[in-house]
>>> print(open('entry_28.txt').read())   # compact mmCIF, C-alpha atoms
# COMPACT_ATOMS: atom_id res chain seq x y z
CA MET A 1402 17.99 -15.33 -15.86
CA LYS A 1403 16.37 -12.01 -16.71
CA GLN A 1404 17.59 -8.64 -15.43
CA PHE A 1405 15.42 -5.53 -15.18
CA ILE A 1406 16.02 -1.94 -14.09
CA VAL A 1407 13.12 -0.80 -11.91
CA THR A 1408 12.59 2.87 -11.07
CA PRO A 1409 10.98 3.72 -7.72
CA VAL A 1410 7.76 4.80 -9.40
CA ALA A 1411 7.63 1.59 -11.46
CA GLY A 1412 8.18 -0.29 -8.23
CA LYS A 1413 5.18 1.45 -6.66
CA ARG A 1414 2.97 0.37 -9.55
CA LEU A 1415 4.35 -3.17 -9.42
CA ILE A 1416 3.64 -3.46 -5.70
CA ALA A 1417 0.16 -2.01 -6.23
CA LYS A 1418 -0.76 -4.53 -8.91
CA ALA A 1419 0.28 -7.39 -6.66
CA ILE A 1420 -1.47 -6.05 -3.57
CA ALA A 1421 -4.72 -5.67 -5.52
CA SER A 1422 -4.65 -9.39 -6.35
CA ASN A 1423 -3.27 -10.60 -3.03
CA PRO A 1424 -5.47 -13.31 -1.46
CA ALA A 1425 -5.72 -11.45 1.86
CA ILE A 1426 -6.94 -8.32 0.07
CA LEU A 1427 -9.39 -10.20 -2.12
CA ASN A 1428 -10.87 -11.85 0.97
CA VAL A 1429 -11.29 -8.66 2.99
CA LEU A 1430 -12.89 -6.89 0.02
CA LYS A 1431 -15.62 -9.51 0.11
CA ARG A 1432 -16.18 -9.31 3.83
CA GLY A 1433 -14.51 -6.93 6.24
CA THR A 1434 -12.80 -3.56 6.26
CA LEU A 1435 -9.68 -2.63 4.33
CA VAL A 1436 -7.86 0.52 5.43
CA ILE A 1437 -5.39 2.00 2.96
CA VAL A 1438 -3.50 4.63 4.92
CA ALA A 1439 -2.50 7.60 2.79
CA GLY A 1440 1.03 7.51 1.40
CA THR A 1441 2.68 7.78 -1.99
CA THR A 1442 3.06 4.04 -2.58
CA ASN A 1443 -0.41 3.43 -1.19
CA GLY A 1444 -1.78 5.95 -3.68
CA TYR A 1445 -0.91 3.47 -6.42
CA VAL A 1446 -2.29 0.64 -4.30
CA ALA A 1447 -5.55 2.51 -3.80
CA GLU A 1448 -5.84 3.11 -7.55
CA GLU A 1449 -5.44 -0.57 -8.33
CA VAL A 1450 -7.73 -1.79 -5.54
CA LEU A 1451 -10.50 0.72 -6.23
CA THR A 1452 -10.35 -0.04 -9.95
CA SER A 1453 -10.71 -3.74 -9.16
CA ILE A 1454 -14.03 -3.11 -7.37
CA GLY A 1455 -15.29 -0.64 -9.98
CA ALA A 1456 -15.06 2.42 -7.71
CA GLU A 1457 -14.48 5.77 -9.39
CA GLY A 1458 -13.39 9.23 -8.33
CA PHE A 1459 -10.06 8.51 -6.63
CA SER A 1460 -6.93 10.55 -7.28
CA LYS A 1461 -3.55 9.89 -5.72
CA ASN A 1462 -2.86 13.63 -5.73
CA ARG A 1463 -2.11 14.72 -2.15
CA PHE A 1464 -2.74 11.16 -0.94
CA PHE A 1465 -0.13 11.43 1.78
CA ARG A 1466 0.53 13.14 5.08
CA GLY A 1467 4.30 13.35 5.61
CA ILE A 1468 6.41 13.36 2.46
CA ILE A 1469 10.09 13.67 1.54
CA LEU A 1470 10.72 16.35 -1.08
CA PRO A 1471 13.70 18.51 -2.04
CA PRO A 1472 14.15 21.50 0.29
CA SER A 1473 11.30 23.95 -0.31
CA LYS A 1474 9.42 26.71 1.45
CA ASN A 1475 6.28 24.63 0.88
CA VAL A 1476 7.44 21.77 3.14
CA THR A 1477 7.78 21.96 6.92
CA THR A 1478 10.69 20.50 8.87
CA GLU A 1479 8.36 17.60 9.80
CA GLY A 1480 7.88 16.68 6.13
CA ARG A 1481 4.37 18.13 5.88
CA LEU A 1482 3.15 20.45 3.15
CA THR A 1483 2.45 23.90 4.50
CA ASP A 1484 -0.93 23.72 2.71
CA GLU A 1485 -2.80 20.50 3.50
CA ASN A 1486 -6.26 21.67 2.45
CA LYS A 1487 -6.26 19.25 -0.48
CA PHE A 1488 -5.66 16.12 1.63
CA PRO A 1489 -8.38 13.65 0.48
CA GLY A 1490 -8.32 11.33 3.51
CA ASP A 1491 -7.46 7.65 3.63
CA VAL A 1492 -9.24 4.95 1.63
CA ILE A 1493 -11.63 2.84 3.71
CA ILE A 1494 -13.42 -0.04 1.99
CA THR A 1495 -16.05 -2.04 3.90
CA ASN A 1496 -17.56 -5.16 2.36
CA GLY A 1497 -16.39 -3.99 -1.05
CA VAL A 1498 -17.83 -0.47 -0.74
CA TRP A 1499 -15.58 2.61 -0.63
CA GLN A 1500 -16.45 4.82 2.35
CA LYS A 1501 -15.48 8.13 0.78
CA GLY A 1502 -14.16 10.86 3.02
CA LYS A 1503 -13.27 8.66 5.99
CA THR A 1504 -9.85 8.28 7.58
CA ILE A 1505 -8.23 5.71 9.81
CA ASN A 1506 -9.20 7.91 12.76
CA ASP A 1507 -12.87 7.25 11.98
CA VAL A 1508 -12.63 3.45 11.91
CA CYS A 1509 -9.61 2.49 13.99
CA CYS A 1510 -11.58 1.63 17.13
CA SER A 1511 -14.14 -0.45 15.21
CA LEU A 1512 -11.66 -2.64 13.33
CA LYS A 1513 -11.78 -6.31 14.25
CA GLU A 1514 -9.86 -9.49 13.62
CA GLY A 1515 -10.03 -10.30 9.91
CA ASP A 1516 -9.75 -6.67 8.81
CA VAL A 1517 -6.60 -5.45 7.06
CA ILE A 1518 -4.56 -2.27 7.20
CA LEU A 1519 -2.12 -1.21 4.47
CA LYS A 1520 0.48 1.25 5.77
CA GLY A 1521 3.63 2.42 4.03
CA THR A 1522 6.95 3.00 5.77
CA ASN A 1523 10.22 4.87 5.27
CA ALA A 1524 12.96 2.41 6.21
CA LEU A 1525 13.34 -1.18 5.06
CA ASP A 1526 15.56 -3.94 6.42
CA ILE A 1527 15.48 -6.37 3.51
CA GLN A 1528 17.42 -9.14 5.21
CA HIS A 1529 15.06 -9.46 8.17
CA LYS A 1530 11.92 -8.19 6.33
CA ARG A 1531 11.32 -5.44 8.86
CA ALA A 1532 10.25 -1.85 8.39
CA ALA A 1533 10.05 1.41 10.28
CA VAL A 1534 8.21 4.68 9.78
CA LEU A 1535 9.46 8.21 10.27
CA VAL A 1536 7.49 10.12 12.89
CA GLY A 1537 6.99 13.88 12.87
CA HIS A 1538 3.75 14.11 14.85
CA PRO A 1539 4.10 14.46 18.64
CA GLU A 1540 1.55 11.66 19.15
CA ALA A 1541 3.17 9.40 16.52
CA GLY A 1542 0.46 10.07 13.94
CA THR A 1543 -1.23 7.24 12.05
CA ALA A 1544 1.54 4.81 13.02
CA ALA A 1545 0.29 4.91 16.61
CA LEU A 1546 -3.27 4.18 15.50
CA VAL A 1547 -2.10 1.29 13.37
CA LEU A 1548 -0.13 -0.26 16.22
CA GLN A 1549 -3.14 0.04 18.53
CA ALA A 1550 -5.16 -2.02 16.10
CA VAL A 1551 -2.41 -4.52 15.31
CA ALA A 1552 -1.20 -5.16 18.86
CA GLY A 1553 -4.50 -4.56 20.60
CA ARG A 1554 -6.93 -6.40 18.33
CA ARG A 1555 -4.79 -8.52 16.02
CA ILE A 1556 -5.64 -6.56 12.88
CA ARG A 1557 -3.51 -7.72 9.98
CA LEU A 1558 -0.95 -5.17 8.80
CA ILE A 1559 0.59 -5.38 5.34
CA ILE A 1560 3.43 -2.95 4.61
CA PRO A 1561 3.85 -2.02 0.91
CA VAL A 1562 7.37 -0.57 0.72
CA GLY A 1563 9.75 -0.01 -2.17
CA LEU A 1564 13.31 -1.29 -2.27
CA GLU A 1565 14.65 2.27 -2.58
CA LYS A 1566 13.89 2.64 1.15
CA ARG A 1567 16.39 -0.01 2.18
CA VAL A 1568 18.82 0.71 5.02
CA ASP A 1569 21.74 -1.38 6.22
CA SER A 1570 21.53 -0.74 9.97
CA ASP A 1571 19.43 -2.43 12.62
CA LEU A 1572 16.11 -0.58 12.75
CA TYR A 1573 15.89 -0.82 16.53
CA ASP A 1574 19.35 0.70 16.90
CA LEU A 1575 18.36 3.50 14.55
CA ALA A 1576 15.13 4.09 16.47
CA GLU A 1577 17.00 4.25 19.77
CA SER A 1578 19.29 6.91 18.32
CA LEU A 1579 16.61 9.03 16.65
CA ASN A 1580 14.22 8.78 19.59
CA ALA A 1581 16.77 9.79 22.24
CA PRO A 1582 15.72 12.81 24.35
CA GLU A 1583 18.66 14.87 23.13
CA ALA A 1584 18.03 14.14 19.42
CA THR A 1585 16.28 16.50 17.01
CA GLY A 1586 14.35 16.01 13.78
CA TYR A 1587 12.37 12.92 12.82
CA ARG A 1588 11.77 10.03 15.18
CA LEU A 1589 11.66 6.42 13.96
CA LEU A 1590 9.11 3.77 14.88
CA PRO A 1591 9.62 0.10 13.90
CA VAL A 1592 6.33 -1.52 12.94
CA LEU A 1593 5.40 -5.19 12.99
CA GLY A 1594 3.63 -6.44 9.90
CA GLN A 1595 4.01 -8.27 6.60
CA VAL A 1596 6.60 -6.40 4.56
CA PHE A 1597 5.68 -6.45 0.86
CA THR A 1598 8.27 -5.25 -1.67
CA GLU A 1599 8.77 -5.53 -5.43
CA ILE A 1600 10.48 -8.87 -4.77
CA ASP A 1601 7.31 -10.21 -3.16
CA ALA A 1602 5.19 -8.73 -5.94
CA ILE A 1603 7.16 -10.52 -8.67
CA ASN A 1604 7.02 -13.81 -6.81
CA GLN A 1605 3.29 -13.56 -6.18
CA LEU A 1606 2.39 -12.56 -9.73
CA THR A 1607 4.74 -14.85 -11.67
CA GLY A 1608 6.21 -17.47 -9.34
CA ALA A 1609 9.72 -16.29 -10.26
CA GLU A 1610 12.37 -15.38 -7.69
CA ALA A 1611 13.86 -11.88 -7.70
CA LYS A 1612 17.10 -10.66 -6.16
CA LEU A 1613 18.36 -7.13 -5.71
CA VAL A 1614 21.79 -7.09 -7.35
CA ALA A 1615 22.65 -3.42 -7.98
CA ALA A 1616 21.24 0.08 -7.63
CA GLY A 1617 21.58 3.66 -8.81
CA GLY A 1618 21.00 5.74 -11.89
CA VAL A 1619 20.73 9.26 -13.32
CA GLY A 1620 18.58 11.15 -15.81
CA GLY A 1621 15.32 10.04 -14.21
CA ALA A 1622 16.63 6.70 -12.98
CA GLU A 1623 17.78 8.06 -9.61
CA GLY A 1624 17.01 5.59 -6.85
CA SER A 1625 16.53 2.74 -9.32
CA TYR A 1626 17.67 -0.82 -8.75
CA LEU A 1627 18.57 -3.85 -10.82
CA LEU A 1628 16.63 -7.04 -10.16
CA ALA A 1629 17.80 -10.46 -11.33
CA ILE A 1630 14.87 -12.78 -12.02
CA THR A 1631 15.14 -16.57 -12.08
CA GLY A 1632 12.56 -19.27 -12.64
CA THR A 1633 11.17 -21.46 -15.35
CA LYS A 1634 11.06 -20.06 -18.87
CA THR A 1635 7.35 -19.45 -18.42
CA GLN A 1636 7.90 -17.63 -15.12
CA GLU A 1637 10.72 -15.51 -16.52
CA ALA A 1638 8.61 -14.60 -19.56
CA ALA A 1639 5.75 -13.63 -17.26
CA ALA A 1640 8.11 -11.48 -15.20
CA GLU A 1641 9.35 -9.72 -18.33
CA GLU A 1642 5.78 -9.02 -19.45
CA LEU A 1643 4.98 -7.71 -15.97
CA TRP A 1644 8.03 -5.46 -16.02
CA ARG A 1645 7.16 -4.06 -19.43
CA GLY A 1646 3.75 -3.14 -18.06
CA VAL A 1647 5.22 -0.91 -15.33
CA ALA A 1648 8.63 0.14 -16.68
CA PHE A 1649 7.41 3.35 -18.29
CA GLU A 1650 5.27 4.57 -15.40
CA SER A 1651 5.22 8.37 -15.36
CA PRO A 1652 6.98 10.20 -12.53
CA PHE A 1653 4.91 10.88 -9.44
CA ASP A 1654 3.27 14.30 -9.73
CA GLY A 1655 0.70 14.13 -6.97
CA VAL A 1656 2.05 17.04 -4.92
CA SER A 1657 0.36 19.86 -6.83
>>> encode(input="entry_28.txt", output="structure tokens")
Amino acid sequence: MKQFIVTPVAGKRLIAKAIASNPAILNVLKRGTLVIVAGTTNGYVAEEVLTSIGAEGFSKNRFFRGIILPPSKNVTTEGRLTDENKFPGDVIITNGVWQKGKTINDVCCSLKEGDVILKGTNALDIQHKRAAVLVGHPEAGTAALVLQAVAGRRIRLIIPVGLEKRVDSDLYDLAESLNAPEATGYRLLPVLGQVFTEIDAINQLTGAEAKLVAAGGVGGAEGSYLLAITGTKTQEAAAEELWRGVAFESPFDGVS
């Protein structure tokens, strides 16, 4: 067994590396449309995917809509920056070509079976591999567009989400509570798709099995978690090499 401490930002990079080499993503890059909806984890995903097709000019700075930050005058109660002029849009790739400047709003109605959407979320039920997204927009924002495509036209949804977003309550119970007419603040929308965490990334890239065994940390390790990795010696060695490649990922600074 190998044990590794993974910070949230290292987890984002780990997920991104696996998504970029995922068979479903490789297939849609050849033929079809891939929609990477803006979000902090998906910023890392977009970097890895765009690099894999030789596209240049992407920055994960401001590649998000809602965001959770410490209390600040620069963030609204809905989790939006008060200044969104630097929002770059989503990443839309059609037949391997990046359609710069487009958003999911531009392509949602034209997506068809075989296309893929990548959308991050805010709450993760590890046991049942379910996820839910916080909603601040009165029309449910991009989550509503995603569900239209998924439920209406069978578009494949993959949900890159880090283990730091785990919750221990039933997501539907939480949604019922947050969405009640008398409630205030964020709403919560469960989404149906393929949840893809660091555990899935390790398994895909090395064949090893990973388990979440502990969590916590200070001094820059806040939100970190301990993963126990088991497999053959070759798989465990590959997992260690993979971890070393992401362990020292710099903190996310894409808000400026």
>>> closest_residue(input="entry_28.txt", among="A:Arg1588, A:Lys1520, A:His1529, A:Lys1612", to="A:Leu1548", atoms="all atoms listed in the file")
A:Lys1520
>>> atom_distance(input="entry_28.txt", atom1="atom CA of A:Ile1560", atom2="atom CA of A:Tyr1573")
17.4 Å
>>> closest_residue(input="entry_28.txt", among="A:Phe1405, A:Leu1470, A:Leu1519, A:Arg1414", to="A:Leu1435", atoms="only C-alpha atoms")
A:Leu1519
>>> closest_residue(input="entry_28.txt", among="A:Leu1535, A:Ile1406, A:Val1568, A:Ile1505", to="A:Gln1549", atoms="only C-alpha atoms")
A:Ile1505
>>> closest_residue(input="entry_28.txt", among="A:Ser1578, A:Ala1545, A:Glu1650, A:Arg1567", to="A:Ala1616", atoms="only C-alpha atoms")
A:Arg1567
>>> residues_near_point(input="entry_28.txt", point="(-13.7, -5.8, -0.8)", cutoff="7 Å", atoms="only C-alpha atoms", output="JSON, numbers by chain")
{"A": [1427, 1428, 1429, 1430, 1431, 1432, 1494, 1495, 1496, 1497, 1498]}
>>> residues_around(input="entry_28.txt", residues="A:Ser1625", least_positions_apart="5", cutoff="10 Å", atoms="all atoms listed in the file", output="short mmCIF file (atom, residue, chain, number, x, y, z; two decimals) with C-alpha atoms, in the coordinates of the input")
data_model
loop_
_atom_site.label_atom_id
_atom_site.label_comp_id
_atom_site.auth_asym_id
_atom_site.auth_seq_id
_atom_site.Cartn_x
_atom_site.Cartn_y
_atom_site.Cartn_z
CA ILE A 1406 16.02 -1.94 -14.09
CA VAL A 1407 13.12 -0.80 -11.91
CA THR A 1408 12.59 2.87 -11.07
CA PRO A 1409 10.98 3.72 -7.72
CA VAL A 1410 7.76 4.80 -9.40
CA ALA A 1411 7.63 1.59 -11.46
CA GLY A 1412 8.18 -0.29 -8.23
CA LEU A 1564 13.31 -1.29 -2.27
CA GLU A 1565 14.65 2.27 -2.58
CA ALA A 1615 22.65 -3.42 -7.98
CA ALA A 1616 21.24 0.08 -7.63
CA GLY A 1617 21.58 3.66 -8.81
CA GLY A 1618 21.00 5.74 -11.89
CA VAL A 1619 20.73 9.26 -13.32
#
>>> residues_around(input="entry_28.txt", residues="stretch 1453-1464 of chain A", least_positions_apart="4", cutoff="8 Å", atoms="all atoms listed in the file", output="PyMOL selection string")
chain A and resi 1421+1439-1441+1444-1445+1447-1449+1487-1491+1497+1499+1654-1657
>>> write_last_selection(input="entry_28.txt", atoms="C-alpha atoms", output="mmCIF file, keeping the file's coordinate frame")
data_model
loop_
_atom_site.group_PDB
_atom_site.id
_atom_site.type_symbol
_atom_site.label_atom_id
_atom_site.label_comp_id
_atom_site.auth_asym_id
_atom_site.auth_seq_id
_atom_site.Cartn_x
_atom_site.Cartn_y
_atom_site.Cartn_z
ATOM 1 C CA ALA A 1421 -4.720 -5.670 -5.520
ATOM 2 C CA ALA A 1439 -2.500 7.600 2.790
ATOM 3 C CA GLY A 1440 1.030 7.510 1.400
ATOM 4 C CA THR A 1441 2.680 7.780 -1.990
ATOM 5 C CA GLY A 1444 -1.780 5.950 -3.680
ATOM 6 C CA TYR A 1445 -0.910 3.470 -6.420
ATOM 7 C CA ALA A 1447 -5.550 2.510 -3.800
ATOM 8 C CA GLU A 1448 -5.840 3.110 -7.550
ATOM 9 C CA GLU A 1449 -5.440 -0.570 -8.330
ATOM 10 C CA LYS A 1487 -6.260 19.250 -0.480
ATOM 11 C CA PHE A 1488 -5.660 16.120 1.630
ATOM 12 C CA PRO A 1489 -8.380 13.650 0.480
ATOM 13 C CA GLY A 1490 -8.320 11.330 3.510
ATOM 14 C CA ASP A 1491 -7.460 7.650 3.630
ATOM 15 C CA GLY A 1497 -16.390 -3.990 -1.050
ATOM 16 C CA TRP A 1499 -15.580 2.610 -0.630
ATOM 17 C CA ASP A 1654 3.270 14.300 -9.730
ATOM 18 C CA GLY A 1655 0.700 14.130 -6.970
ATOM 19 C CA VAL A 1656 2.050 17.040 -4.920
ATOM 20 C CA SER A 1657 0.360 19.860 -6.830
#
>>> residues_near_point(input="entry_28.txt", point="(9.4, -5.5, 0.7)", cutoff="7 Å", atoms="all atoms listed in the file", output="list in words")
Ile1527, Lys1530, Pro1561, Val1562, Gly1563, Leu1564, Val1596, Phe1597, Thr1598, Glu1599, Ile1600 and Asp1601 of chain A
>>> write_last_selection(input="entry_28.txt", atoms="C-alpha atoms", output="mmCIF file, in the coordinates of the input")
data_model
loop_
_atom_site.group_PDB
_atom_site.id
_atom_site.type_symbol
_atom_site.label_atom_id
_atom_site.label_comp_id
_atom_site.auth_asym_id
_atom_site.auth_seq_id
_atom_site.Cartn_x
_atom_site.Cartn_y
_atom_site.Cartn_z
ATOM 1 C CA ILE A 1527 15.480 -6.370 3.510
ATOM 2 C CA LYS A 1530 11.920 -8.190 6.330
ATOM 3 C CA PRO A 1561 3.850 -2.020 0.910
ATOM 4 C CA VAL A 1562 7.370 -0.570 0.720
ATOM 5 C CA GLY A 1563 9.750 -0.010 -2.170
ATOM 6 C CA LEU A 1564 13.310 -1.290 -2.270
ATOM 7 C CA VAL A 1596 6.600 -6.400 4.560
ATOM 8 C CA PHE A 1597 5.680 -6.450 0.860
ATOM 9 C CA THR A 1598 8.270 -5.250 -1.670
ATOM 10 C CA GLU A 1599 8.770 -5.530 -5.430
ATOM 11 C CA ILE A 1600 10.480 -8.870 -4.770
ATOM 12 C CA ASP A 1601 7.310 -10.210 -3.160
#
>>> closest_residue(input="entry_28.txt", among="A:Asn1580, A:Gln1595, A:Val1436, A:Ala1602", to="A:Val1547", atoms="only C-alpha atoms")
A:Val1436
>>> closest_residue(input="entry_28.txt", among="A:Leu1415, A:Met1402, A:Ala1544, A:Ile1437", to="A:Ala1648", atoms="all atoms listed in the file")
A:Leu1415
>>> atom_distance(input="entry_28.txt", atom1="atom CA of A:Ile1469", atom2="atom CA of A:Ser1570")
20.2 Å
>>> atom_distance(input="entry_28.txt", atom1="atom CA of A:Thr1543", atom2="atom CA of A:Asn1506")
8.0 Å
>>> decode(input="entry_28.txt", residues="stretch 1561-1583 of chain A", atoms="N, CA and C atoms", output="short mmCIF file (atom, residue, chain, number, x, y, z; two decimals), in the first residue's frame")
data_model
loop_
_atom_site.label_atom_id
_atom_site.label_comp_id
_atom_site.auth_asym_id
_atom_site.auth_seq_id
_atom_site.Cartn_x
_atom_site.Cartn_y
_atom_site.Cartn_z
N PRO A 1561 -16.45 16.43 -13.28
CA PRO A 1561 -15.17 16.45 -12.56
C PRO A 1561 -15.37 17.16 -11.23
N VAL A 1562 -15.15 16.47 -10.12
CA VAL A 1562 -15.39 17.07 -8.81
C VAL A 1562 -14.40 16.51 -7.79
N GLY A 1563 -13.81 17.42 -7.02
CA GLY A 1563 -12.80 17.02 -6.04
C GLY A 1563 -13.39 16.48 -4.77
N LEU A 1564 -12.63 15.63 -4.11
CA LEU A 1564 -13.09 14.97 -2.88
C LEU A 1564 -13.30 15.96 -1.73
N GLU A 1565 -12.74 17.16 -1.82
CA GLU A 1565 -12.97 18.13 -0.74
C GLU A 1565 -14.41 18.61 -0.70
N LYS A 1566 -15.19 18.28 -1.75
CA LYS A 1566 -16.59 18.73 -1.82
C LYS A 1566 -17.56 17.66 -1.30
N ARG A 1567 -17.02 16.67 -0.61
CA ARG A 1567 -17.87 15.60 -0.12
C ARG A 1567 -18.81 16.08 0.99
N VAL A 1568 -20.01 15.54 1.00
CA VAL A 1568 -20.98 15.79 2.07
C VAL A 1568 -21.50 14.44 2.55
N ASP A 1569 -22.05 14.41 3.75
CA ASP A 1569 -22.49 13.12 4.30
C ASP A 1569 -24.00 13.01 4.43
N SER A 1570 -24.73 13.91 3.79
CA SER A 1570 -26.19 13.86 3.81
C SER A 1570 -26.72 13.53 2.42
N ASP A 1571 -27.93 13.03 2.38
CA ASP A 1571 -28.57 12.74 1.10
C ASP A 1571 -28.76 14.03 0.31
N LEU A 1572 -28.29 14.06 -0.92
CA LEU A 1572 -28.34 15.28 -1.71
C LEU A 1572 -29.77 15.74 -1.98
N TYR A 1573 -30.68 14.79 -2.13
CA TYR A 1573 -32.06 15.17 -2.40
C TYR A 1573 -32.72 15.77 -1.16
N ASP A 1574 -32.35 15.27 0.01
CA ASP A 1574 -32.84 15.87 1.25
C ASP A 1574 -32.29 17.29 1.42
N LEU A 1575 -31.01 17.46 1.10
CA LEU A 1575 -30.41 18.79 1.20
C LEU A 1575 -31.08 19.75 0.22
N ALA A 1576 -31.33 19.27 -1.00
CA ALA A 1576 -31.97 20.12 -2.01
C ALA A 1576 -33.37 20.52 -1.57
N GLU A 1577 -34.11 19.59 -1.01
CA GLU A 1577 -35.46 19.91 -0.54
C GLU A 1577 -35.42 21.01 0.52
N SER A 1578 -34.42 20.96 1.38
CA SER A 1578 -34.30 21.96 2.44
C SER A 1578 -33.88 23.32 1.89
N LEU A 1579 -32.85 23.34 1.05
CA LEU A 1579 -32.35 24.60 0.52
C LEU A 1579 -33.30 25.25 -0.48
N ASN A 1580 -34.11 24.43 -1.15
CA ASN A 1580 -35.00 24.95 -2.19
C ASN A 1580 -36.39 25.28 -1.66
N ALA A 1581 -36.62 25.12 -0.38
CA ALA A 1581 -37.93 25.40 0.21
C ALA A 1581 -38.27 26.88 0.06
N PRO A 1582 -39.54 27.21 -0.15
CA PRO A 1582 -39.94 28.61 -0.36
C PRO A 1582 -39.49 29.55 0.75
N GLU A 1583 -39.43 29.07 1.98
CA GLU A 1583 -39.07 29.93 3.09
C GLU A 1583 -37.57 30.05 3.31
#
